[in-house]
file work09.cif (mmCIF, C-alpha atoms)
data_upload
loop_
_atom_site.label_atom_id
_atom_site.label_comp_id
_atom_site.auth_asym_id
_atom_site.auth_seq_id
_atom_site.Cartn_x
_atom_site.Cartn_y
_atom_site.Cartn_z
CA MET A 27 -12.65 7.06 19.11
CA GLN A 28 -12.29 8.64 15.67
CA THR A 29 -13.73 7.47 12.37
CA VAL A 30 -11.44 7.89 9.36
CA LEU A 31 -11.67 6.91 5.70
CA ALA A 32 -8.36 5.27 4.80
CA ASP A 33 -6.58 4.02 1.69
CA LEU A 34 -3.69 1.79 2.73
CA HIS A 35 -2.17 1.09 -0.70
CA VAL A 36 -1.29 4.03 -2.97
CA HIS A 37 1.59 4.44 -5.45
CA THR A 38 3.50 7.57 -6.38
CA LEU A 39 5.41 8.26 -9.58
CA LEU A 40 8.37 6.44 -8.04
CA SER A 41 6.62 3.21 -9.02
CA PRO A 42 7.38 2.57 -12.71
CA CYS A 43 3.75 1.73 -13.50
CA ALA A 44 2.33 4.92 -11.93
CA GLU A 45 1.34 8.06 -13.81
CA VAL A 46 3.46 11.21 -13.48
CA GLU A 47 0.47 12.94 -11.86
CA MET A 48 0.94 10.74 -8.78
CA THR A 49 3.16 13.11 -6.87
CA PRO A 50 3.06 12.94 -3.06
CA HIS A 51 1.69 16.49 -2.86
CA HIS A 52 -1.07 15.79 -5.39
CA ILE A 53 -2.11 12.58 -3.63
CA VAL A 54 -2.31 14.23 -0.21
CA MET A 55 -4.10 17.29 -1.60
CA ARG A 56 -6.75 15.10 -3.27
CA ALA A 57 -7.09 13.02 -0.12
CA ALA A 58 -7.95 16.17 1.85
CA GLU A 59 -10.36 17.30 -0.87
CA TYR A 60 -12.31 14.04 -0.91
CA GLY A 61 -12.36 13.32 2.81
CA ILE A 62 -9.74 10.56 2.82
CA GLY A 63 -8.20 11.07 6.22
CA ALA A 64 -5.41 8.50 6.05
CA VAL A 65 -3.22 7.32 3.18
CA ALA A 66 -0.37 4.84 2.99
CA ILE A 67 2.32 5.58 0.40
CA THR A 68 3.41 2.17 -0.87
CA ASP A 69 5.74 2.20 -3.86
CA HIS A 70 7.30 -0.96 -5.28
CA ASN A 71 10.30 -1.90 -3.12
CA ALA A 72 10.99 1.81 -2.56
CA SER A 73 10.28 4.61 -0.11
CA ALA A 74 12.05 7.74 -1.39
CA ASN A 75 8.80 9.68 -1.95
CA VAL A 76 7.47 9.08 1.55
CA PRO A 77 9.30 12.08 3.12
CA ALA A 78 7.61 14.43 0.63
CA ALA A 79 4.22 12.90 1.42
CA LEU A 80 4.79 13.33 5.15
CA GLU A 81 5.72 16.98 4.62
CA ALA A 82 2.65 17.61 2.46
CA ALA A 83 0.47 15.85 5.03
CA GLN A 84 1.34 18.47 7.65
CA ARG A 85 -0.08 21.13 5.34
CA TYR A 86 -3.34 19.33 4.59
CA GLY A 87 -4.07 17.54 7.85
CA VAL A 88 -3.98 14.05 6.32
CA LYS A 89 -2.36 11.10 8.07
CA VAL A 90 0.32 9.40 5.97
CA PHE A 91 1.48 5.93 6.94
CA PRO A 92 5.05 5.31 5.72
CA GLY A 93 4.88 2.13 3.68
CA MET A 94 6.01 0.00 0.78
CA GLU A 95 4.62 -2.66 -1.55
CA VAL A 96 7.22 -5.41 -1.33
CA GLU A 97 7.65 -8.15 -3.92
CA SER A 98 8.80 -11.37 -2.28
CA SER A 99 10.93 -14.04 -3.94
CA GLU A 100 7.71 -15.88 -4.83
CA GLU A 101 6.64 -12.78 -6.83
CA ALA A 102 3.89 -12.10 -4.30
CA HIS A 103 3.10 -8.50 -3.35
CA ILE A 104 2.92 -7.55 0.31
CA VAL A 105 1.98 -4.14 1.74
CA ALA A 106 4.20 -3.15 4.66
CA LEU A 107 3.13 -0.27 6.91
CA PHE A 108 5.01 1.55 9.67
CA ASP A 109 4.49 4.34 12.18
CA THR A 110 7.64 6.31 11.45
CA LEU A 111 9.91 7.23 8.60
CA GLU A 112 12.84 5.90 10.61
CA GLN A 113 11.28 2.43 10.73
CA LEU A 114 10.66 2.53 7.00
CA GLN A 115 14.21 3.64 6.31
CA SER A 116 15.54 0.71 8.34
CA TRP A 117 13.31 -1.57 6.29
CA GLN A 118 14.55 0.04 3.06
CA LEU A 119 18.14 -0.81 3.98
CA LEU A 120 17.16 -4.47 4.27
CA VAL A 121 15.24 -4.33 0.99
CA ASP A 122 18.26 -2.81 -0.75
CA GLU A 123 20.39 -5.76 0.38
CA HIS A 124 17.98 -8.19 -1.26
CA MET A 125 17.31 -6.46 -4.59
CA ASN A 126 18.42 -8.23 -7.77
CA GLY A 127 20.72 -5.45 -8.98
CA MET A 128 19.01 -5.03 -12.36
CA LEU A 129 18.62 -1.59 -13.90
CA ASN A 130 15.28 -0.18 -14.95
CA ASP A 131 14.28 -0.31 -18.61
CA VAL A 132 12.39 2.97 -18.95
CA GLU A 133 10.98 2.14 -22.37
CA ARG A 134 9.59 -1.15 -21.12
CA PHE A 135 8.54 -0.41 -17.55
CA GLY A 136 8.35 3.39 -17.24
CA ALA A 137 10.41 5.98 -15.40
CA GLN A 138 10.81 6.04 -11.61
CA TYR A 139 10.86 9.60 -10.23
CA VAL A 140 11.67 11.01 -6.80
CA VAL A 141 10.20 14.45 -6.10
CA ASP A 142 9.93 16.82 -3.15
CA ALA A 143 6.83 18.13 -1.36
CA GLU A 144 6.49 20.91 -3.95
CA ASP A 145 6.47 18.43 -6.88
CA GLU A 146 9.97 19.46 -7.91
CA PHE A 147 12.14 16.80 -9.53
CA VAL A 148 14.85 15.38 -7.25
CA CYS A 149 16.22 12.38 -9.14
CA GLU A 150 15.35 9.35 -11.20
CA GLU A 151 15.71 5.93 -9.58
CA GLN A 152 17.87 3.78 -11.85
CA ARG A 153 17.34 0.40 -10.22
CA LEU A 154 14.49 -1.82 -11.39
CA LEU A 155 11.98 -1.55 -8.55
CA HIS A 156 9.15 -3.74 -9.84
CA ALA A 157 11.05 -7.01 -9.35
CA PRO A 158 11.23 -9.77 -6.71
CA LEU A 159 13.55 -9.58 -3.76
CA SER A 160 15.48 -12.56 -2.47
CA LEU A 161 13.34 -12.48 0.70
CA THR A 162 10.50 -14.98 0.95
CA ALA A 163 7.00 -13.85 1.89
CA ALA A 164 7.43 -15.36 5.34
CA GLN A 165 10.72 -13.50 5.81
CA VAL A 166 9.13 -10.21 4.72
CA VAL A 167 6.34 -10.58 7.26
CA GLN A 168 8.76 -11.52 10.05
CA GLN A 169 11.24 -8.73 9.37
CA VAL A 170 8.56 -6.05 9.06
CA ALA A 171 7.07 -7.18 12.37
CA ALA A 172 10.51 -7.06 13.99
CA LEU A 173 10.70 -3.37 13.04
CA GLY A 174 7.27 -2.65 14.54
CA GLY A 175 5.27 -2.67 11.31
CA LEU A 176 2.38 -4.73 9.98
CA THR A 177 1.86 -6.56 6.70
CA ILE A 178 -1.13 -7.02 4.42
CA ALA A 179 -1.33 -9.66 1.71
CA ALA A 180 -1.94 -7.49 -1.36
CA HIS A 181 -4.80 -7.96 -3.88
CA ILE A 182 -5.24 -11.65 -3.09
CA ASP A 183 -8.09 -12.05 -5.60
CA ARG A 184 -5.76 -11.37 -8.54
CA PRO A 185 -4.11 -14.29 -10.36
CA SER A 186 -0.69 -12.59 -10.55
CA TYR A 187 1.53 -10.95 -7.94
CA SER A 188 -0.58 -12.21 -5.03
CA ILE A 189 -0.02 -14.73 -2.27
CA LEU A 190 -3.02 -16.78 -3.38
CA GLY A 191 -2.01 -16.55 -7.02
CA GLN A 192 1.52 -17.74 -6.31
CA LEU A 193 1.05 -20.11 -3.36
CA GLY A 194 -2.66 -20.95 -3.48
CA PHE A 195 -3.25 -20.38 0.23
CA ILE A 196 -2.36 -18.21 3.23
CA GLU A 197 -1.27 -20.05 6.34
CA PRO A 198 -2.27 -18.38 9.64
CA GLU A 199 1.34 -18.83 10.74
CA PHE A 200 2.46 -16.32 8.10
CA GLY A 201 1.42 -13.52 10.45
CA PHE A 202 -0.38 -11.17 8.07
CA ALA A 203 -2.61 -8.62 9.77
CA ALA A 204 -5.10 -8.61 6.88
CA ALA A 205 -5.75 -9.61 3.28
CA GLU A 206 -6.50 -6.99 0.65
CA ILE A 207 -9.11 -7.54 -2.06
CA SER A 208 -10.22 -5.45 -5.01
CA THR A 209 -13.75 -4.28 -5.78
CA ALA A 210 -14.35 -7.43 -7.82
CA GLY A 211 -12.90 -9.56 -5.05
CA TRP A 212 -15.16 -7.85 -2.54
CA GLN A 213 -18.19 -9.25 -4.35
CA ARG A 214 -16.66 -12.73 -4.23
CA LYS A 215 -15.88 -12.21 -0.55
CA LEU A 216 -19.56 -11.57 0.06
CA GLN A 217 -20.10 -15.02 -1.43
CA SER A 218 -17.47 -16.40 1.02
CA LYS A 219 -15.26 -17.77 -1.75
CA LEU A 220 -12.06 -16.13 -0.56
CA GLN A 221 -12.36 -16.41 3.19
CA ARG A 222 -11.16 -19.99 3.56
CA LEU A 223 -8.21 -19.59 1.18
CA ALA A 224 -7.20 -16.41 3.01
CA GLY A 225 -7.08 -18.23 6.33
CA TYR A 226 -10.05 -16.16 7.56
CA LEU A 227 -7.94 -13.03 7.79
CA PRO A 228 -9.82 -9.72 8.06
CA PHE A 229 -10.28 -8.06 4.68
CA VAL A 230 -9.31 -4.56 3.59
CA THR A 231 -10.13 -2.82 0.31
CA ASP A 232 -7.66 -0.27 -1.08
CA SER A 233 -7.34 1.54 -4.37
CA ASP A 234 -3.81 0.29 -5.24
CA ALA A 235 -3.94 3.49 -7.26
CA HIS A 236 -1.45 4.33 -10.02
CA ASN A 237 -3.39 7.41 -11.18
CA ILE A 238 -5.44 10.06 -9.42
CA TYR A 239 -8.80 8.93 -10.80
CA ASP A 240 -8.31 5.43 -9.38
CA PHE A 241 -7.14 6.90 -6.08
CA VAL A 242 -10.21 9.07 -5.65
CA GLN A 243 -12.82 6.59 -6.86
CA GLY A 244 -11.18 3.36 -5.65
CA PRO A 245 -12.25 1.35 -2.60
CA LYS A 246 -11.32 2.47 0.90
CA ASN A 247 -11.70 1.39 4.53
CA LEU A 248 -13.58 3.09 7.34
CA LEU A 249 -11.39 2.92 10.44
CA GLN A 250 -12.68 3.35 13.97
CA VAL A 251 -9.65 3.80 16.18
CA GLU A 252 -8.42 5.85 19.10
CA ALA A 253 -5.43 7.06 17.09
CA LEU A 254 -3.93 6.58 13.65
CA THR A 255 -1.10 4.29 14.65
CA ILE A 256 0.03 0.80 13.66
CA ALA A 257 -0.87 -0.52 17.11
CA GLU A 258 -4.40 0.85 16.81
CA LEU A 259 -4.72 -0.45 13.25
CA LYS A 260 -3.77 -3.93 14.44
CA LEU A 261 -6.41 -3.75 17.18
CA ALA A 262 -9.01 -2.50 14.71
CA LEU A 263 -8.28 -5.32 12.28
CA ALA A 264 -8.68 -7.76 15.16
CA GLY A 265 -11.94 -6.06 16.19
CA GLN A 266 -10.78 -5.36 19.70
CA GLY A 267 -12.03 -2.74 22.16
CA MET A 268 -14.77 -1.19 19.99
CA ARG A 269 -12.24 -0.63 17.19
CA SER A 270 -13.07 -1.75 13.68
CA VAL A 271 -12.15 -1.72 10.00
CA LEU A 272 -15.09 -1.60 7.62
CA ALA A 273 -13.95 -2.51 4.11
CA GLY A 274 -15.75 -1.76 0.85
CA GLN A 275 -16.16 1.98 1.45
CA PHE A 276 -15.73 4.85 -1.02
CA SER A 277 -14.91 8.55 -0.92
CA ASP A 278 -17.25 11.25 -2.15
CA PHE A 279 -16.09 10.96 -5.75
CA TYR A 280 -18.81 13.24 -7.06
CA LYS A 281 -18.00 16.12 -4.73
CA GLU A 282 -17.96 19.42 -6.63
#

call {"tool": "encode", "arguments": {"input": "work09.cif", "output": "structure tokens"}}
result
Amino acid sequence: MQTVLADLHVHTLLSPCAEVEMTPHHIVMRAAEYGIGAVAITDHNASANVPAALEAAQRYGVKVFPGMEVESSEEAHIVALFDTLEQLQSWQLLVDEHMNGMLNDVERFGAQYVVDAEDEFVCEEQRLLHAPLSLTAAQVVQQVAALGGLTIAAHIDRPSYSILGQLGFIEPEFGFAAAEISTAGWQRKLQSKLQRLAGYLPFVTDSDAHNIYDFVQGPKNLLQVEALTIAELKLALAGQGMRSVLAGQFSDFYKE
């Protein structure tokens, strides 16, 4: 078994609401510096910065899960994670088919940049990424699972862009592997106010970072797994075979 500090929900500068400092290389470099052994790159409905993160990860010895934060037709955010870039690219093709076709308003939403592993500019994404797809939440979960990935109901304690905020409940039949809560939500979870509404899913706590400060100091998870794979993560979330996910953890933010 190995014990790894993991952040399963991190944005790069491809997300319109993220700071320009959130390059894949910078994220991975800071992860290595602060002992964050696994990171999921999860931009809004997009994956073009994942290859750069995977390349940087080889240099720093950090595990990068290819991922995406998907916005369903109900305007609920869902984190989708995969083992391989090829799986994510197959998922991206499906996402592209269900985008609304609107163009990004840079002045209103912010720019959406694709960069390489050396932080060099590649292109600017012109489509509006932070917008709902025509796929329902249930369809997102089903299609991600069909490609071998897992899904997490994102920031369920927030009133907007969450499954609970939009639907008011999470049915076990949805098939989520976990529900994500923020630091504030974690306190409410300790009071058992979210467990019933979340269908008693296991909880994870991620930074949902859009800037480096939030990435470094935001909540993480302590994984105990045999390997950093989706299959092992599923087993850990289910608490099987001595595997576990301990939410509410933090990196060594004050490290000199």

call {"tool": "atom_distance", "arguments": {"input": "work09.cif", "atom1": "atom CA of Leu173 of chain A", "atom2": "atom CA of Asn71 of chain A"}}
result
16.2 Å

call {"tool": "resolve_selection", "arguments": {"input": "work09.cif", "expression": "the PyMOL selection byres ((chain A and resi 93-97) around 10)", "output": "compact mmCIF listing (two decimals) with C-alpha atoms, in the frame of the given file"}}
result
# COMPACT_ATOMS: atom_id res chain seq x y z
CA LEU A 34 -3.69 1.79 2.73
CA HIS A 35 -2.17 1.09 -0.70
CA VAL A 36 -1.29 4.03 -2.97
CA HIS A 37 1.59 4.44 -5.45
CA SER A 41 6.62 3.21 -9.02
CA VAL A 65 -3.22 7.32 3.18
CA ALA A 66 -0.37 4.84 2.99
CA ILE A 67 2.32 5.58 0.40
CA THR A 68 3.41 2.17 -0.87
CA ASP A 69 5.74 2.20 -3.86
CA HIS A 70 7.30 -0.96 -5.28
CA ASN A 71 10.30 -1.90 -3.12
CA ALA A 72 10.99 1.81 -2.56
CA SER A 73 10.28 4.61 -0.11
CA VAL A 76 7.47 9.08 1.55
CA VAL A 90 0.32 9.40 5.97
CA PHE A 91 1.48 5.93 6.94
CA PRO A 92 5.05 5.31 5.72
CA SER A 98 8.80 -11.37 -2.28
CA SER A 99 10.93 -14.04 -3.94
CA GLU A 100 7.71 -15.88 -4.83
CA GLU A 101 6.64 -12.78 -6.83
CA ALA A 102 3.89 -12.10 -4.30
CA HIS A 103 3.10 -8.50 -3.35
CA ILE A 104 2.92 -7.55 0.31
CA VAL A 105 1.98 -4.14 1.74
CA ALA A 106 4.20 -3.15 4.66
CA LEU A 107 3.13 -0.27 6.91
CA PHE A 108 5.01 1.55 9.67
CA ASP A 109 4.49 4.34 12.18
CA THR A 110 7.64 6.31 11.45
CA LEU A 111 9.91 7.23 8.60
CA GLN A 113 11.28 2.43 10.73
CA LEU A 114 10.66 2.53 7.00
CA GLN A 115 14.21 3.64 6.31
CA TRP A 117 13.31 -1.57 6.29
CA GLN A 118 14.55 0.04 3.06
CA VAL A 121 15.24 -4.33 0.99
CA MET A 125 17.31 -6.46 -4.59
CA LEU A 155 11.98 -1.55 -8.55
CA HIS A 156 9.15 -3.74 -9.84
CA ALA A 157 11.05 -7.01 -9.35
CA PRO A 158 11.23 -9.77 -6.71
CA LEU A 159 13.55 -9.58 -3.76
CA SER A 160 15.48 -12.56 -2.47
CA LEU A 161 13.34 -12.48 0.70
CA THR A 162 10.50 -14.98 0.95
CA ALA A 163 7.00 -13.85 1.89
CA VAL A 166 9.13 -10.21 4.72
CA GLY A 175 5.27 -2.67 11.31
CA LEU A 176 2.38 -4.73 9.98
CA THR A 177 1.86 -6.56 6.70
CA ILE A 178 -1.13 -7.02 4.42
CA ALA A 179 -1.33 -9.66 1.71
CA ALA A 180 -1.94 -7.49 -1.36
CA TYR A 187 1.53 -10.95 -7.94
CA SER A 188 -0.58 -12.21 -5.03
CA ASP A 234 -3.81 0.29 -5.24

call {"tool": "atom_distance", "arguments": {"input": "work09.cif", "atom1": "atom CA of Ala204 of chain A", "atom2": "atom CA of Ala235 of chain A"}}
result
18.6 Å

call {"tool": "atom_distance", "arguments": {"input": "work09.cif", "atom1": "atom CA of Ala83 of chain A", "atom2": "atom CA of Phe135 of chain A"}}
result
29.0 Å

call {"tool": "resolve_selection", "arguments": {"input": "work09.cif", "expression": "the PyMOL selection byres ((chain A and resi 242) around 9)", "output": "list of chain:residue names"}}
result
A:Arg56, A:Ala57, A:Tyr60, A:Ile62, A:Ser233, A:Ala235, A:Asn237, A:Ile238, A:Tyr239, A:Asp240, A:Phe241, A:Gln243, A:Gly244, A:Pro245, A:Phe276, A:Ser277, A:Asp278, A:Phe279

call {"tool": "write_last_selection", "arguments": {"input": "work09.cif", "atoms": "C-alpha atoms", "output": "PDB file, keeping the file's coordinate frame"}}
result
ATOM      1  CA  ARG A  56      -6.750  15.100  -3.270  1.00  0.00           C
ATOM      2  CA  ALA A  57      -7.090  13.020  -0.120  1.00  0.00           C
ATOM      3  CA  TYR A  60     -12.310  14.040  -0.910  1.00  0.00           C
ATOM      4  CA  ILE A  62      -9.740  10.560   2.820  1.00  0.00           C
ATOM      5  CA  SER A 233      -7.340   1.540  -4.370  1.00  0.00           C
ATOM      6  CA  ALA A 235      -3.940   3.490  -7.260  1.00  0.00           C
ATOM      7  CA  ASN A 237      -3.390   7.410 -11.180  1.00  0.00           C
ATOM      8  CA  ILE A 238      -5.440  10.060  -9.420  1.00  0.00           C
ATOM      9  CA  TYR A 239      -8.800   8.930 -10.800  1.00  0.00           C
ATOM     10  CA  ASP A 240      -8.310   5.430  -9.380  1.00  0.00           C
ATOM     11  CA  PHE A 241      -7.140   6.900  -6.080  1.00  0.00           C
ATOM     12  CA  GLN A 243     -12.820   6.590  -6.860  1.00  0.00           C
ATOM     13  CA  GLY A 244     -11.180   3.360  -5.650  1.00  0.00           C
ATOM     14  CA  PRO A 245     -12.250   1.350  -2.600  1.00  0.00           C
ATOM     15  CA  PHE A 276     -15.730   4.850  -1.020  1.00  0.00           C
ATOM     16  CA  SER A 277     -14.910   8.550  -0.920  1.00  0.00           C
ATOM     17  CA  ASP A 278     -17.250  11.250  -2.150  1.00  0.00           C
ATOM     18  CA  PHE A 279     -16.090  10.960  -5.750  1.00  0.00           C
TER      19      PHE A 279
END

call {"tool": "residues_around", "arguments": {"input": "work09.cif", "residues": "Ala264 of chain A", "least_positions_apart": "4", "cutoff": "8 Å", "atoms": "all atoms listed in the file", "output": "ChimeraX atom specification"}}
result
/A:228,260,270

call {"tool": "closest_residue", "arguments": {"input": "work09.cif", "among": "A:Ile189, A:Ala82, A:Leu120, A:Ala137", "to": "Val46 of chain A", "atoms": "only C-alpha atoms"}}
result
A:Ala137

call {"tool": "resolve_selection", "arguments": {"input": "work09.cif", "expression": "the PyMOL selection byres ((chain A and resi 43) around 7)", "output": "list of chain:residue names"}}
result
A:Ser41, A:Pro42, A:Ala44, A:Glu45, A:Phe135, A:Gly136, A:His236

call {"tool": "write_last_selection", "arguments": {"input": "work09.cif", "atoms": "C-alpha atoms", "output": "PDB file, in the frame of the given file"}}
result
ATOM      1  CA  SER A  41       6.620   3.210  -9.020  1.00  0.00           C
ATOM      2  CA  PRO A  42       7.380   2.570 -12.710  1.00  0.00           C
ATOM      3  CA  ALA A  44       2.330   4.920 -11.930  1.00  0.00           C
ATOM      4  CA  GLU A  45       1.340   8.060 -13.810  1.00  0.00           C
ATOM      5  CA  PHE A 135       8.540  -0.410 -17.550  1.00  0.00           C
ATOM      6  CA  GLY A 136       8.350   3.390 -17.240  1.00  0.00           C
ATOM      7  CA  HIS A 236      -1.450   4.330 -10.020  1.00  0.00           C
TER       8      HIS A 236
END

call {"tool": "residues_around", "arguments": {"input": "work09.cif", "residues": "Ala164 of chain A", "least_positions_apart": "6", "cutoff": "9 Å", "atoms": "only C-alpha atoms", "output": "list in words"}}
result
Ser98, Glu199, Phe200 and Gly201 of chain A

call {"tool": "write_last_selection", "arguments": {"input": "work09.cif", "atoms": "C-alpha atoms", "output": "tab-separated table (two decimals), in the frame of the given file"}}
result
chain	number	residue	atom	x	y	z
A	98	SER	CA	8.80	-11.37	-2.28
A	199	GLU	CA	1.34	-18.83	10.74
A	200	PHE	CA	2.46	-16.32	8.10
A	201	GLY	CA	1.42	-13.52	10.45

call {"tool": "closest_residue", "arguments": {"input": "work09.cif", "among": "A:Ala203, A:Leu193, A:Ile182, A:Ala143", "to": "Lys219 of chain A", "atoms": "all atoms listed in the file"}}
result
A:Ile182

call {"tool": "closest_residue", "arguments": {"input": "work09.cif", "among": "A:Asp131, A:Asp232, A:Glu144, A:Glu47", "to": "Ala78 of chain A", "atoms": "all atoms listed in the file"}}
result
A:Glu144

call {"tool": "residues_around", "arguments": {"input": "work09.cif", "residues": "Glu197 of chain A", "least_positions_apart": "5", "cutoff": "10 Å", "atoms": "only C-alpha atoms", "output": "list in words"}}
result
Ala164, Phe202, Leu223, Ala224, Gly225, Tyr226 and Leu227 of chain A

call {"tool": "closest_residue", "arguments": {"input": "work09.cif", "among": "A:Ile256, A:Leu249, A:Val170, A:Ala210", "to": "Met268 of chain A", "atoms": "only C-alpha atoms"}}
result
A:Leu249

call {"tool": "closest_residue", "arguments": {"input": "work09.cif", "among": "A:Thr29, A:Gln138, A:Asn126, A:Thr209", "to": "Ala74 of chain A", "atoms": "all atoms listed in the file"}}
result
A:Gln138

call {"tool": "closest_residue", "arguments": {"input": "work09.cif", "among": "A:Glu258, A:Asp33, A:Glu81, A:Asp122", "to": "Val141 of chain A", "atoms": "all atoms listed in the file"}}
result
A:Glu81

call {"tool": "residues_around", "arguments": {"input": "work09.cif", "residues": "Gly87 of chain A", "least_positions_apart": "5", "cutoff": "9 Å", "atoms": "all atoms listed in the file", "output": "PyMOL selection string"}}
result
chain A and resi 54+58+63+82

call {"tool": "axis_aligned_box", "arguments": {"input": "work09.cif", "around": "segment 240-246 of chain A", "padding_each_side": "6 Å", "output": "AutoDock Vina command-line options"}}
result
--center_x -10.0 --center_y 5.2 --center_z -4.2 --size_x 17.7 --size_y 19.7 --size_z 22.3
